[in-house]
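Raw contents of data.pdb, PDB, C-alpha atoms and all ligand atoms:
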MODEL        1
ATOM      1  CA  MET A 168     156.009  90.231 105.416  1.00  0.00           C
ATOM      2  CA  GLU A 169     159.369  88.633 106.225  1.00  0.00           C
ATOM      3  CA  LEU A 170     160.113  88.716 109.927  1.00  0.00           C
ATOM      4  CA  ALA A 171     163.605  89.602 111.074  1.00  0.00           C
ATOM      5  CA  PHE A 172     165.519  86.731 112.631  1.00  0.00           C
ATOM      6  CA  PRO A 173     166.171  86.818 115.493  1.00  0.00           C
ATOM      7  CA  GLU A 174     163.380  89.288 116.252  1.00  0.00           C
ATOM      8  CA  GLU A 175     164.219  92.612 117.852  1.00  0.00           C
ATOM      9  CA  ASP A 176     163.119  93.824 121.283  1.00  0.00           C
ATOM     10  CA  VAL A 177     162.934  90.310 122.765  1.00  0.00           C
ATOM     11  CA  PRO A 178     162.372  88.786 125.223  1.00  0.00           C
ATOM     12  CA  ARG A 179     159.485  91.037 126.224  1.00  0.00           C
ATOM     13  CA  ASN A 180     156.766  90.519 128.828  1.00  0.00           C
ATOM     14  CA  LEU A 181     153.372  90.444 127.095  1.00  0.00           C
ATOM     15  CA  LEU A 182     151.396  90.924 130.327  1.00  0.00           C
ATOM     16  CA  PRO A 183     150.778  94.427 131.750  1.00  0.00           C
ATOM     17  CA  TYR A 184     150.501  93.138 135.370  1.00  0.00           C
ATOM     18  CA  ASP A 185     149.961  90.011 137.551  1.00  0.00           C
ATOM     19  CA  GLY A 186     152.439  87.742 135.813  1.00  0.00           C
ATOM     20  CA  GLU A 187     155.269  87.353 133.404  1.00  0.00           C
ATOM     21  CA  SER A 188     154.848  85.812 129.968  1.00  0.00           C
ATOM     22  CA  LEU A 189     158.035  86.343 128.036  1.00  0.00           C
ATOM     23  CA  TYR A 190     157.886  86.284 124.249  1.00  0.00           C
ATOM     24  CA  TYR A 191     161.279  85.443 122.705  1.00  0.00           C
ATOM     25  CA  GLY A 192     160.217  85.595 119.061  1.00  0.00           C
ATOM     26  CA  ARG A 193     161.655  82.970 116.727  1.00  0.00           C
ATOM     27  CA  ILE A 194     164.481  81.058 118.392  1.00  0.00           C
ATOM     28  CA  PHE A 195     164.961  78.663 115.428  1.00  0.00           C
ATOM     29  CA  PRO A 196     165.644  79.799 111.847  1.00  0.00           C
ATOM     30  CA  PRO A 197     162.787  79.062 109.376  1.00  0.00           C
ATOM     31  CA  GLN A 198     164.509  76.087 107.720  1.00  0.00           C
ATOM     32  CA  GLN A 199     165.264  74.392 111.010  1.00  0.00           C
ATOM     33  CA  ALA A 200     161.713  75.028 112.251  1.00  0.00           C
ATOM     34  CA  GLU A 201     160.378  73.449 109.046  1.00  0.00           C
ATOM     35  CA  HIS A 202     162.651  70.439 109.555  1.00  0.00           C
ATOM     36  CA  TYR A 203     161.354  69.968 113.126  1.00  0.00           C
ATOM     37  CA  LEU A 204     157.721  70.365 111.976  1.00  0.00           C
ATOM     38  CA  ARG A 205     158.122  67.592 109.367  1.00  0.00           C
ATOM     39  CA  TRP A 206     159.789  65.357 111.934  1.00  0.00           C
ATOM     40  CA  PHE A 207     156.994  65.914 114.512  1.00  0.00           C
ATOM     41  CA  LEU A 208     154.231  65.334 111.961  1.00  0.00           C
ATOM     42  CA  ASN A 209     155.799  62.073 110.731  1.00  0.00           C
ATOM     43  CA  SER A 210     157.380  60.560 113.834  1.00  0.00           C
ATOM     44  CA  ILE A 211     155.257  61.372 116.901  1.00  0.00           C
ATOM     45  CA  PRO A 212     152.612  58.720 117.839  1.00  0.00           C
ATOM     46  CA  TRP A 213     149.807  61.307 117.980  1.00  0.00           C
ATOM     47  CA  GLN A 214     146.609  60.371 119.789  1.00  0.00           C
ATOM     48  CA  HIS A 215     143.360  62.177 120.441  1.00  0.00           C
ATOM     49  CA  ASP A 216     143.234  63.527 123.963  1.00  0.00           C
ATOM     50  CA  GLU A 217     140.610  62.248 126.358  1.00  0.00           C
ATOM     51  CA  ALA A 218     139.251  64.070 129.373  1.00  0.00           C
ATOM     52  CA  VAL A 219     136.448  63.928 131.904  1.00  0.00           C
ATOM     53  CA  ILE A 220     134.765  67.322 132.067  1.00  0.00           C
ATOM     54  CA  PHE A 221     131.735  67.832 134.329  1.00  0.00           C
ATOM     55  CA  GLY A 222     131.499  64.032 134.609  1.00  0.00           C
ATOM     56  CA  LYS A 223     131.357  63.603 130.836  1.00  0.00           C
ATOM     57  CA  HIS A 224     133.951  61.658 128.889  1.00  0.00           C
ATOM     58  CA  ILE A 225     135.136  63.700 125.897  1.00  0.00           C
ATOM     59  CA  VAL A 226     137.643  63.168 123.079  1.00  0.00           C
ATOM     60  CA  THR A 227     139.321  66.284 121.691  1.00  0.00           C
ATOM     61  CA  ALA A 228     139.734  67.098 117.976  1.00  0.00           C
ATOM     62  CA  ARG A 229     143.349  68.129 118.656  1.00  0.00           C
ATOM     63  CA  LYS A 230     145.895  65.337 119.126  1.00  0.00           C
ATOM     64  CA  VAL A 231     148.534  65.086 121.845  1.00  0.00           C
ATOM     65  CA  ALA A 232     151.629  63.182 122.997  1.00  0.00           C
ATOM     66  CA  TRP A 233     153.514  63.149 126.338  1.00  0.00           C
ATOM     67  CA  TYR A 234     157.274  62.905 126.808  1.00  0.00           C
ATOM     68  CA  GLY A 235     159.381  63.080 129.946  1.00  0.00           C
ATOM     69  CA  ASP A 236     162.379  62.066 132.050  1.00  0.00           C
ATOM     70  CA  SER A 237     160.901  58.725 133.120  1.00  0.00           C
ATOM     71  CA  HIS A 238     157.804  56.620 132.474  1.00  0.00           C
ATOM     72  CA  TYR A 239     155.864  58.360 135.208  1.00  0.00           C
ATOM     73  CA  ASP A 240     152.092  58.594 135.229  1.00  0.00           C
ATOM     74  CA  TYR A 241     150.437  61.962 135.200  1.00  0.00           C
ATOM     75  CA  THR A 242     146.785  62.706 135.819  1.00  0.00           C
ATOM     76  CA  TYR A 243     145.361  65.602 133.837  1.00  0.00           C
ATOM     77  CA  SER A 244     141.683  66.436 133.335  1.00  0.00           C
ATOM     78  CA  GLY A 245     140.676  63.204 135.065  1.00  0.00           C
ATOM     79  CA  LYS A 246     142.774  60.936 132.812  1.00  0.00           C
ATOM     80  CA  THR A 247     146.063  59.238 133.670  1.00  0.00           C
ATOM     81  CA  ARG A 248     148.745  59.053 131.001  1.00  0.00           C
ATOM     82  CA  THR A 249     152.296  57.743 130.914  1.00  0.00           C
ATOM     83  CA  ALA A 250     155.171  59.787 129.514  1.00  0.00           C
ATOM     84  CA  ARG A 251     157.329  58.429 126.678  1.00  0.00           C
ATOM     85  CA  PRO A 252     161.131  58.798 126.936  1.00  0.00           C
ATOM     86  CA  TRP A 253     162.690  61.884 125.297  1.00  0.00           C
ATOM     87  CA  THR A 254     163.813  61.754 121.680  1.00  0.00           C
ATOM     88  CA  PRO A 255     167.058  63.493 120.544  1.00  0.00           C
ATOM     89  CA  GLU A 256     164.963  66.156 118.731  1.00  0.00           C
ATOM     90  CA  LEU A 257     162.913  66.993 121.833  1.00  0.00           C
ATOM     91  CA  LEU A 258     166.044  67.025 124.011  1.00  0.00           C
ATOM     92  CA  ALA A 259     167.794  69.454 121.640  1.00  0.00           C
ATOM     93  CA  ILE A 260     164.817  71.841 121.732  1.00  0.00           C
ATOM     94  CA  LYS A 261     164.499  71.472 125.516  1.00  0.00           C
ATOM     95  CA  GLN A 262     168.180  72.297 125.957  1.00  0.00           C
ATOM     96  CA  GLU A 263     167.877  75.487 123.882  1.00  0.00           C
ATOM     97  CA  VAL A 264     164.742  76.572 125.766  1.00  0.00           C
ATOM     98  CA  GLU A 265     166.426  75.902 129.136  1.00  0.00           C
ATOM     99  CA  ARG A 266     169.486  77.884 128.057  1.00  0.00           C
ATOM    100  CA  LEU A 267     167.377  80.884 127.026  1.00  0.00           C
ATOM    101  CA  GLY A 268     164.896  80.874 129.919  1.00  0.00           C
ATOM    102  CA  GLY A 269     167.079  79.585 132.745  1.00  0.00           C
ATOM    103  CA  SER A 270     164.506  77.019 134.000  1.00  0.00           C
ATOM    104  CA  GLN A 271     164.660  73.217 133.874  1.00  0.00           C
ATOM    105  CA  TYR A 272     161.835  71.001 132.621  1.00  0.00           C
ATOM    106  CA  ASN A 273     161.162  67.282 133.107  1.00  0.00           C
ATOM    107  CA  SER A 274     158.233  66.736 130.756  1.00  0.00           C
ATOM    108  CA  CYS A 275     156.599  67.997 127.596  1.00  0.00           C
ATOM    109  CA  LEU A 276     153.025  67.939 126.318  1.00  0.00           C
ATOM    110  CA  LEU A 277     152.882  68.109 122.517  1.00  0.00           C
ATOM    111  CA  ASN A 278     149.746  69.413 120.816  1.00  0.00           C
ATOM    112  CA  LEU A 279     148.857  68.932 117.152  1.00  0.00           C
ATOM    113  CA  TYR A 280     146.273  71.255 115.597  1.00  0.00           C
ATOM    114  CA  ALA A 281     145.505  69.845 112.118  1.00  0.00           C
ATOM    115  CA  ASP A 282     144.235  73.245 110.909  1.00  0.00           C
ATOM    116  CA  GLY A 283     142.317  76.323 112.095  1.00  0.00           C
ATOM    117  CA  SER A 284     139.187  74.279 112.853  1.00  0.00           C
ATOM    118  CA  GLN A 285     141.035  73.014 115.937  1.00  0.00           C
ATOM    119  CA  GLY A 286     141.990  75.205 118.882  1.00  0.00           C
ATOM    120  CA  MET A 287     142.214  75.240 122.658  1.00  0.00           C
ATOM    121  CA  ALA A 288     139.529  76.859 124.826  1.00  0.00           C
ATOM    122  CA  TRP A 289     140.192  79.304 127.687  1.00  0.00           C
ATOM    123  CA  HIS A 290     142.027  77.593 130.556  1.00  0.00           C
ATOM    124  CA  HIS A 291     144.956  77.928 132.921  1.00  0.00           C
ATOM    125  CA  ASP A 292     147.573  75.257 133.621  1.00  0.00           C
ATOM    126  CA  ASP A 293     148.160  75.194 137.364  1.00  0.00           C
ATOM    127  CA  GLU A 294     146.912  71.640 137.767  1.00  0.00           C
ATOM    128  CA  LYS A 295     147.829  69.729 140.923  1.00  0.00           C
ATOM    129  CA  GLY A 296     150.813  68.042 139.316  1.00  0.00           C
ATOM    130  CA  LEU A 297     152.499  71.351 138.473  1.00  0.00           C
ATOM    131  CA  GLY A 298     154.288  73.635 140.916  1.00  0.00           C
ATOM    132  CA  ALA A 299     152.419  76.577 142.462  1.00  0.00           C
ATOM    133  CA  HIS A 300     154.163  79.104 140.223  1.00  0.00           C
ATOM    134  CA  SER A 301     154.602  76.681 137.376  1.00  0.00           C
ATOM    135  CA  ASP A 302     156.816  77.812 134.575  1.00  0.00           C
ATOM    136  CA  ILE A 303     155.678  76.588 131.136  1.00  0.00           C
ATOM    137  CA  ALA A 304     157.757  77.045 127.995  1.00  0.00           C
ATOM    138  CA  SER A 305     155.787  76.884 124.751  1.00  0.00           C
ATOM    139  CA  VAL A 306     157.498  76.367 121.382  1.00  0.00           C
ATOM    140  CA  SER A 307     155.474  76.545 118.149  1.00  0.00           C
ATOM    141  CA  PHE A 308     156.089  74.958 114.736  1.00  0.00           C
ATOM    142  CA  GLY A 309     154.090  75.276 111.533  1.00  0.00           C
ATOM    143  CA  ALA A 310     151.045  77.468 110.945  1.00  0.00           C
ATOM    144  CA  GLU A 311     151.090  80.781 112.785  1.00  0.00           C
ATOM    145  CA  ARG A 312     148.235  80.934 115.300  1.00  0.00           C
ATOM    146  CA  ARG A 313     146.991  83.678 117.597  1.00  0.00           C
ATOM    147  CA  PHE A 314     147.523  83.127 121.329  1.00  0.00           C
ATOM    148  CA  ASP A 315     145.294  85.098 123.736  1.00  0.00           C
ATOM    149  CA  PHE A 316     145.553  85.899 127.432  1.00  0.00           C
ATOM    150  CA  ARG A 317     142.550  87.074 129.479  1.00  0.00           C
ATOM    151  CA  HIS A 318     142.892  88.386 133.023  1.00  0.00           C
ATOM    152  CA  LYS A 319     140.604  86.413 135.365  1.00  0.00           C
ATOM    153  CA  LEU A 320     139.226  89.482 137.179  1.00  0.00           C
ATOM    154  CA  SER A 321     139.649  92.552 134.962  1.00  0.00           C
ATOM    155  CA  LYS A 322     139.030  90.530 131.736  1.00  0.00           C
ATOM    156  CA  THR A 323     141.832  92.530 130.063  1.00  0.00           C
ATOM    157  CA  LYS A 324     142.965  90.746 126.862  1.00  0.00           C
ATOM    158  CA  VAL A 325     146.418  90.467 125.329  1.00  0.00           C
ATOM    159  CA  SER A 326     147.161  88.695 122.027  1.00  0.00           C
ATOM    160  CA  GLN A 327     150.339  87.528 120.318  1.00  0.00           C
ATOM    161  CA  TYR A 328     150.758  85.687 117.020  1.00  0.00           C
ATOM    162  CA  LEU A 329     153.135  82.730 117.437  1.00  0.00           C
ATOM    163  CA  PRO A 330     155.160  82.091 114.250  1.00  0.00           C
ATOM    164  CA  SER A 331     156.984  78.837 113.463  1.00  0.00           C
ATOM    165  CA  GLY A 332     160.057  78.385 115.663  1.00  0.00           C
ATOM    166  CA  SER A 333     158.951  80.904 118.301  1.00  0.00           C
ATOM    167  CA  LEU A 334     159.167  80.612 122.084  1.00  0.00           C
ATOM    168  CA  LEU A 335     156.834  81.896 124.817  1.00  0.00           C
ATOM    169  CA  ILE A 336     157.584  81.307 128.509  1.00  0.00           C
ATOM    170  CA  MET A 337     154.705  81.720 130.982  1.00  0.00           C
ATOM    171  CA  ARG A 338     155.824  82.130 134.567  1.00  0.00           C
ATOM    172  CA  GLY A 339     155.274  83.804 137.936  1.00  0.00           C
ATOM    173  CA  ARG A 340     151.603  84.554 138.502  1.00  0.00           C
ATOM    174  CA  THR A 341     150.551  83.983 134.875  1.00  0.00           C
ATOM    175  CA  GLN A 342     148.544  80.785 135.526  1.00  0.00           C
ATOM    176  CA  ALA A 343     147.068  82.103 138.797  1.00  0.00           C
ATOM    177  CA  CYS A 344     145.817  85.406 137.352  1.00  0.00           C
ATOM    178  CA  TRP A 345     145.327  84.818 133.604  1.00  0.00           C
ATOM    179  CA  GLN A 346     143.679  82.279 131.319  1.00  0.00           C
ATOM    180  CA  HIS A 347     144.926  81.552 127.806  1.00  0.00           C
ATOM    181  CA  GLN A 348     143.468  80.136 124.593  1.00  0.00           C
ATOM    182  CA  VAL A 349     144.305  79.315 120.981  1.00  0.00           C
ATOM    183  CA  PRO A 350     141.194  80.507 119.087  1.00  0.00           C
ATOM    184  CA  LYS A 351     139.899  78.682 116.031  1.00  0.00           C
ATOM    185  CA  SER A 352     140.429  80.445 112.715  1.00  0.00           C
ATOM    186  CA  THR A 353     138.872  79.705 109.325  1.00  0.00           C
ATOM    187  CA  LYS A 354     141.916  81.303 107.633  1.00  0.00           C
ATOM    188  CA  VAL A 355     144.390  78.671 108.865  1.00  0.00           C
ATOM    189  CA  THR A 356     144.602  75.615 106.575  1.00  0.00           C
ATOM    190  CA  GLU A 357     147.973  74.191 107.668  1.00  0.00           C
ATOM    191  CA  PRO A 358     148.946  72.164 110.755  1.00  0.00           C
ATOM    192  CA  ARG A 359     150.615  73.558 113.843  1.00  0.00           C
ATOM    193  CA  VAL A 360     152.597  71.613 116.439  1.00  0.00           C
ATOM    194  CA  ASN A 361     153.050  73.151 119.882  1.00  0.00           C
ATOM    195  CA  LEU A 362     155.413  71.884 122.583  1.00  0.00           C
ATOM    196  CA  THR A 363     154.758  72.844 126.209  1.00  0.00           C
ATOM    197  CA  PHE A 364     157.716  72.038 128.449  1.00  0.00           C
ATOM    198  CA  ARG A 365     156.717  71.658 132.090  1.00  0.00           C
ATOM    199  CA  ARG A 366     158.174  70.761 135.433  1.00  0.00           C
ATOM    200  CA  MET A 367     155.964  68.111 136.994  1.00  0.00           C
ATOM    201  CA  LEU A 368     156.179  67.673 140.772  1.00  0.00           C
ATOM    202  CA  LEU A 369     154.889  64.106 140.548  1.00  0.00           C
ATOM    203  CA  ALA A 370     158.014  63.021 138.714  1.00  0.00           C
ATOM    204  CA  GLU A 371     160.186  64.460 141.469  1.00  0.00           C
ATOM    205  CA  THR A 372     158.223  62.522 144.092  1.00  0.00           C
ATOM    206  CA  ARG A 373     158.652  59.311 142.136  1.00  0.00           C
ATOM    207  CA  ILE A 374     162.370  59.831 141.503  1.00  0.00           C
ATOM    208  CA  ALA A 375     162.981  60.668 145.189  1.00  0.00           C
ATOM    209  CA  ARG A 376     161.246  57.465 146.241  1.00  0.00           C
ATOM    210  CA  GLU A 377     163.341  55.390 143.842  1.00  0.00           C
ATOM    211  CA  ASP A 378     166.510  56.977 145.221  1.00  0.00           C
ATOM    212  CA  GLU A 379     165.568  56.107 148.815  1.00  0.00           C
ATOM    213  CA  SER A 380     165.042  52.450 148.012  1.00  0.00           C
ATOM    214  CA  GLY A 381     168.518  52.305 146.485  1.00  0.00           C
ATOM    215  CA  SER A 382     167.384  51.630 142.925  1.00  0.00           C
ATOM    216  CA  ILE A 383     168.629  54.816 141.331  1.00  0.00           C
ATOM    217  CA  ARG A 384     167.723  55.181 137.638  1.00  0.00           C
TER
HETATM  218  O1  LIG B   1     149.013  75.483 121.620  1.00  0.00           O
HETATM  219  C1  LIG B   1     149.312  76.373 122.390  1.00  0.00           C
HETATM  220  O2  LIG B   1     149.982  77.358 122.056  1.00  0.00           O
HETATM  221  C2  LIG B   1     148.834  76.333 123.815  1.00  0.00           C
HETATM  222  C3  LIG B   1     148.831  74.992 124.454  1.00  0.00           C
HETATM  223  C4  LIG B   1     148.352  75.060 125.881  1.00  0.00           C
HETATM  224  O3  LIG B   1     147.884  76.040 126.341  1.00  0.00           O
HETATM  225  C5  LIG B   1     148.482  73.879 126.737  1.00  0.00           C
HETATM  226  O4  LIG B   1     148.942  72.817 126.264  1.00  0.00           O
HETATM  227  O5  LIG B   1     148.129  73.955 127.909  1.00  0.00           O
HETATM  228 FE    FE B   2     147.753  75.917 128.492  1.00  0.00          FE
ENDMDL
END
When written as structure tokens, how does the structure in this file appear?
Amino acid sequence: MELAFPEEDVPRNLLPYDGESLYYGRIFPPQQAEHYLRWFLNSIPWQHDEAVIFGKHIVTARKVAWYGDSHYDYTYSGKTRTARPWTPELLAIKQEVERLGGSQYNSCLLNLYADGSQGMAWHHDDEKGLGAHSDIASVSFGAERRFDFRHKLSKTKVSQYLPSGSLLIMRGRTQACWQHQVPKSTKVTEPRVNLTFRRMLLAETRIAREDESGSIR
């Protein structure tokens, strides 16, 4: 079925209570989304993600890349990584997302799922480096994947398919009250690239310190 572009009845909050997760539908036309997908697949220095979970060192099937305002370090799942400087493509997407959602972001985690055998398990994103009510904007390119929310207490589930070029903004109490996942699917044979724009507090701390010492970027 051909989806209308832009989709109707958007943005809409997918969550019935305890948070706001606004689905904007496709914000980029199919051809432009395809162009971005090709660029991400060919030009991003993708690396397997590493984490320390329950004291065990693990390497994920999915690949990732970090971009941001400055070369700041960020610790996530027990591993410290350094952000790469923005590319014009990422900046253009960031600008459009900021215009639509009204929030500003200083970093972006990119995820590459080679096919449906790769996914992301239930989790929430309010890590120490993010603000208390962290606002995360998620843009998807390539294979359409299902995205699930599960309320931490009531276990209520909400699902949304995320087509290529679509935007989802999680904010308010979303991370505090809900978990989310990208389930594996044997039906998906194509890659998907997902961009999660974030506002890291660590970067602000670092920039403020640089300003005080007189060496402004
Ligand atoms: O791939 C997605 O849509 C979700 C990514 C995600 O949840 C994350 O990076 O924290
Ligand atoms: Fe997440």
Output the neighbourhood of ligand FE 2 (chain B) as a PDB file with C-alpha atoms, in the frame of the given file, that is, all protein and nucleic acid residues with some atom at most 7 Å from the ligand, counting all atoms listed in the file.
ATOM      1  CA  HIS A 290     142.027  77.593 130.556  1.00  0.00           C
ATOM      2  CA  HIS A 291     144.956  77.928 132.921  1.00  0.00           C
ATOM      3  CA  ASP A 292     147.573  75.257 133.621  1.00  0.00           C
ATOM      4  CA  HIS A 347     144.926  81.552 127.806  1.00  0.00           C
TER       5      HIS A 347
END
Box time for ligand LIG 1 (chain B): axis-aligned, enclosing all its listed atoms, 5 Å extra on each side; report centre and edge lengths in Å to one decimal, as AutoDock Vina command-line options.
--center_x 148.9 --center_y 75.1 --center_z 124.8 --size_x 12.1 --size_y 14.5 --size_z 16.3
Exercise for the section: Around ligand LIG 1 (chain B), at most 6 Å away and counting only C-alpha atoms and all ligand atoms, which residues are there? Put them as JSON, numbers by chain, please. Expected result: {"A": [292, 349, 361, 363]}
Practice task
List the residues selected by the PyMOL selection byres (((chain A and resi 339) around 8) and not hetatm) in the file shown, writing them as an MDAnalysis selection string.
Solution key: chainID A and resid 186:187 300:302 337:338 340:342
Handout entry: Using all atoms listed in the file: which of A:Arg251, A:Arg179, A:Lys230, A:Arg266 has the shortest distance to Gln327 of chain A
Key =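 Result for the nearest residue to Gln327 of chain A: A:Arg179.
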Practice task
Take the point (166.1, 77.5, 111.8) as written in the file and pick out every residue within 12 Å of it, counting all atoms listed in the file; give the list as a PyMOL selection string.
Solution key: chain A and resi 172-173+193-204+260+308+331-333
Could you please take those selected residues and save C-alpha atoms as a CSV table (one decimal), keeping the file's coordinate frame?
chain,number,residue,atom,x,y,z
A,172,PHE,CA,165.5,86.7,112.6
A,173,PRO,CA,166.2,86.8,115.5
A,193,ARG,CA,161.7,83.0,116.7
A,194,ILE,CA,164.5,81.1,118.4
A,195,PHE,CA,165.0,78.7,115.4
A,196,PRO,CA,165.6,79.8,111.8
A,197,PRO,CA,162.8,79.1,109.4
A,198,GLN,CA,164.5,76.1,107.7
A,199,GLN,CA,165.3,74.4,111.0
A,200,ALA,CA,161.7,75.0,112.3
A,201,GLU,CA,160.4,73.4,109.0
A,202,HIS,CA,162.7,70.4,109.6
A,203,TYR,CA,161.4,70.0,113.1
A,204,LEU,CA,157.7,70.4,112.0
A,260,ILE,CA,164.8,71.8,121.7
A,308,PHE,CA,156.1,75.0,114.7
A,331,SER,CA,157.0,78.8,113.5
A,332,GLY,CA,160.1,78.4,115.7
A,333,SER,CA,159.0,80.9,118.3
Exercise for the section: Determine, counting all atoms listed in the file, which protein, DNA and RNA residues have an atom within 9 Å of an atom of segment 278-280 of chain A; residues of the same chain fewer than 3 positions away are not included. Present the result as number ranges by chain. Expected result: A: 208, 213, 228-232, 283-286, 357-363
Would you mind exporting the chosen residues as a PDB file, keeping the file's coordinate frame, restricted to C-alpha atoms?
ATOM      1  CA  LEU A 208     154.231  65.334 111.961  1.00  0.00           C
ATOM      2  CA  TRP A 213     149.807  61.307 117.980  1.00  0.00           C
ATOM      3  CA  ALA A 228     139.734  67.098 117.976  1.00  0.00           C
ATOM      4  CA  ARG A 229     143.349  68.129 118.656  1.00  0.00           C
ATOM      5  CA  LYS A 230     145.895  65.337 119.126  1.00  0.00           C
ATOM      6  CA  VAL A 231     148.534  65.086 121.845  1.00  0.00           C
ATOM      7  CA  ALA A 232     151.629  63.182 122.997  1.00  0.00           C
ATOM      8  CA  GLY A 283     142.317  76.323 112.095  1.00  0.00           C
ATOM      9  CA  SER A 284     139.187  74.279 112.853  1.00  0.00           C
ATOM     10  CA  GLN A 285     141.035  73.014 115.937  1.00  0.00           C
ATOM     11  CA  GLY A 286     141.990  75.205 118.882  1.00  0.00           C
ATOM     12  CA  GLU A 357     147.973  74.191 107.668  1.00  0.00           C
ATOM     13  CA  PRO A 358     148.946  72.164 110.755  1.00  0.00           C
ATOM     14  CA  ARG A 359     150.615  73.558 113.843  1.00  0.00           C
ATOM     15  CA  VAL A 360     152.597  71.613 116.439  1.00  0.00           C
ATOM     16  CA  ASN A 361     153.050  73.151 119.882  1.00  0.00           C
ATOM     17  CA  LEU A 362     155.413  71.884 122.583  1.00  0.00           C
ATOM     18  CA  THR A 363     154.758  72.844 126.209  1.00  0.00           C
TER      19      THR A 363
END
Practice task
Could you please determine the separation between atom CA of Ser210 of chain A and atom CA of Lys351 of chain A in Å, to one decimal place?
Solution key: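 Computed distance, atom CA of Ser210 of chain A to atom CA of Lys351 of chain A, equals 25.3 Å.
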Taking the partial coordinates given, rebuild segment 213-227 of chain A to contain N, CA and C atoms; return it as a compact mmCIF listing (two decimals), in the frame of the given file.
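And here is the file that came out, out-v5.txt:
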# COMPACT_ATOMS: atom_id res chain seq x y z
N TRP A 213 150.90 60.40 117.56
CA TRP A 213 149.81 61.31 117.98
C TRP A 213 148.55 60.53 118.33
N GLN A 214 147.88 60.98 119.39
CA GLN A 214 146.61 60.37 119.79
C GLN A 214 145.64 61.46 120.20
N HIS A 215 144.36 61.23 119.95
CA HIS A 215 143.36 62.18 120.44
C HIS A 215 143.41 62.21 121.96
N ASP A 216 143.21 63.38 122.52
CA ASP A 216 143.23 63.53 123.96
C ASP A 216 141.86 63.17 124.52
N GLU A 217 141.88 62.56 125.70
CA GLU A 217 140.61 62.25 126.36
C GLU A 217 140.57 62.99 127.68
N ALA A 218 139.39 63.38 128.09
CA ALA A 218 139.25 64.07 129.37
C ALA A 218 137.86 63.81 129.95
N VAL A 219 137.76 64.01 131.26
CA VAL A 219 136.45 63.93 131.90
C VAL A 219 136.12 65.35 132.36
N ILE A 220 135.14 65.95 131.73
CA ILE A 220 134.76 67.32 132.07
C ILE A 220 133.30 67.35 132.51
N PHE A 221 133.07 67.84 133.72
CA PHE A 221 131.74 67.83 134.33
C PHE A 221 131.13 66.42 134.26
N GLY A 222 131.97 65.41 134.56
CA GLY A 222 131.50 64.03 134.61
C GLY A 222 131.30 63.39 133.25
N LYS A 223 131.55 64.14 132.19
CA LYS A 223 131.36 63.60 130.84
C LYS A 223 132.69 63.23 130.21
N HIS A 224 132.74 62.09 129.55
CA HIS A 224 133.95 61.66 128.89
C HIS A 224 134.00 62.30 127.50
N ILE A 225 135.05 63.05 127.21
CA ILE A 225 135.14 63.70 125.90
C ILE A 225 136.46 63.35 125.20
N VAL A 226 136.44 63.39 123.89
CA VAL A 226 137.64 63.17 123.08
C VAL A 226 137.86 64.44 122.26
N THR A 227 139.06 65.01 122.37
CA THR A 227 139.32 66.28 121.69
C THR A 227 139.65 66.08 120.21
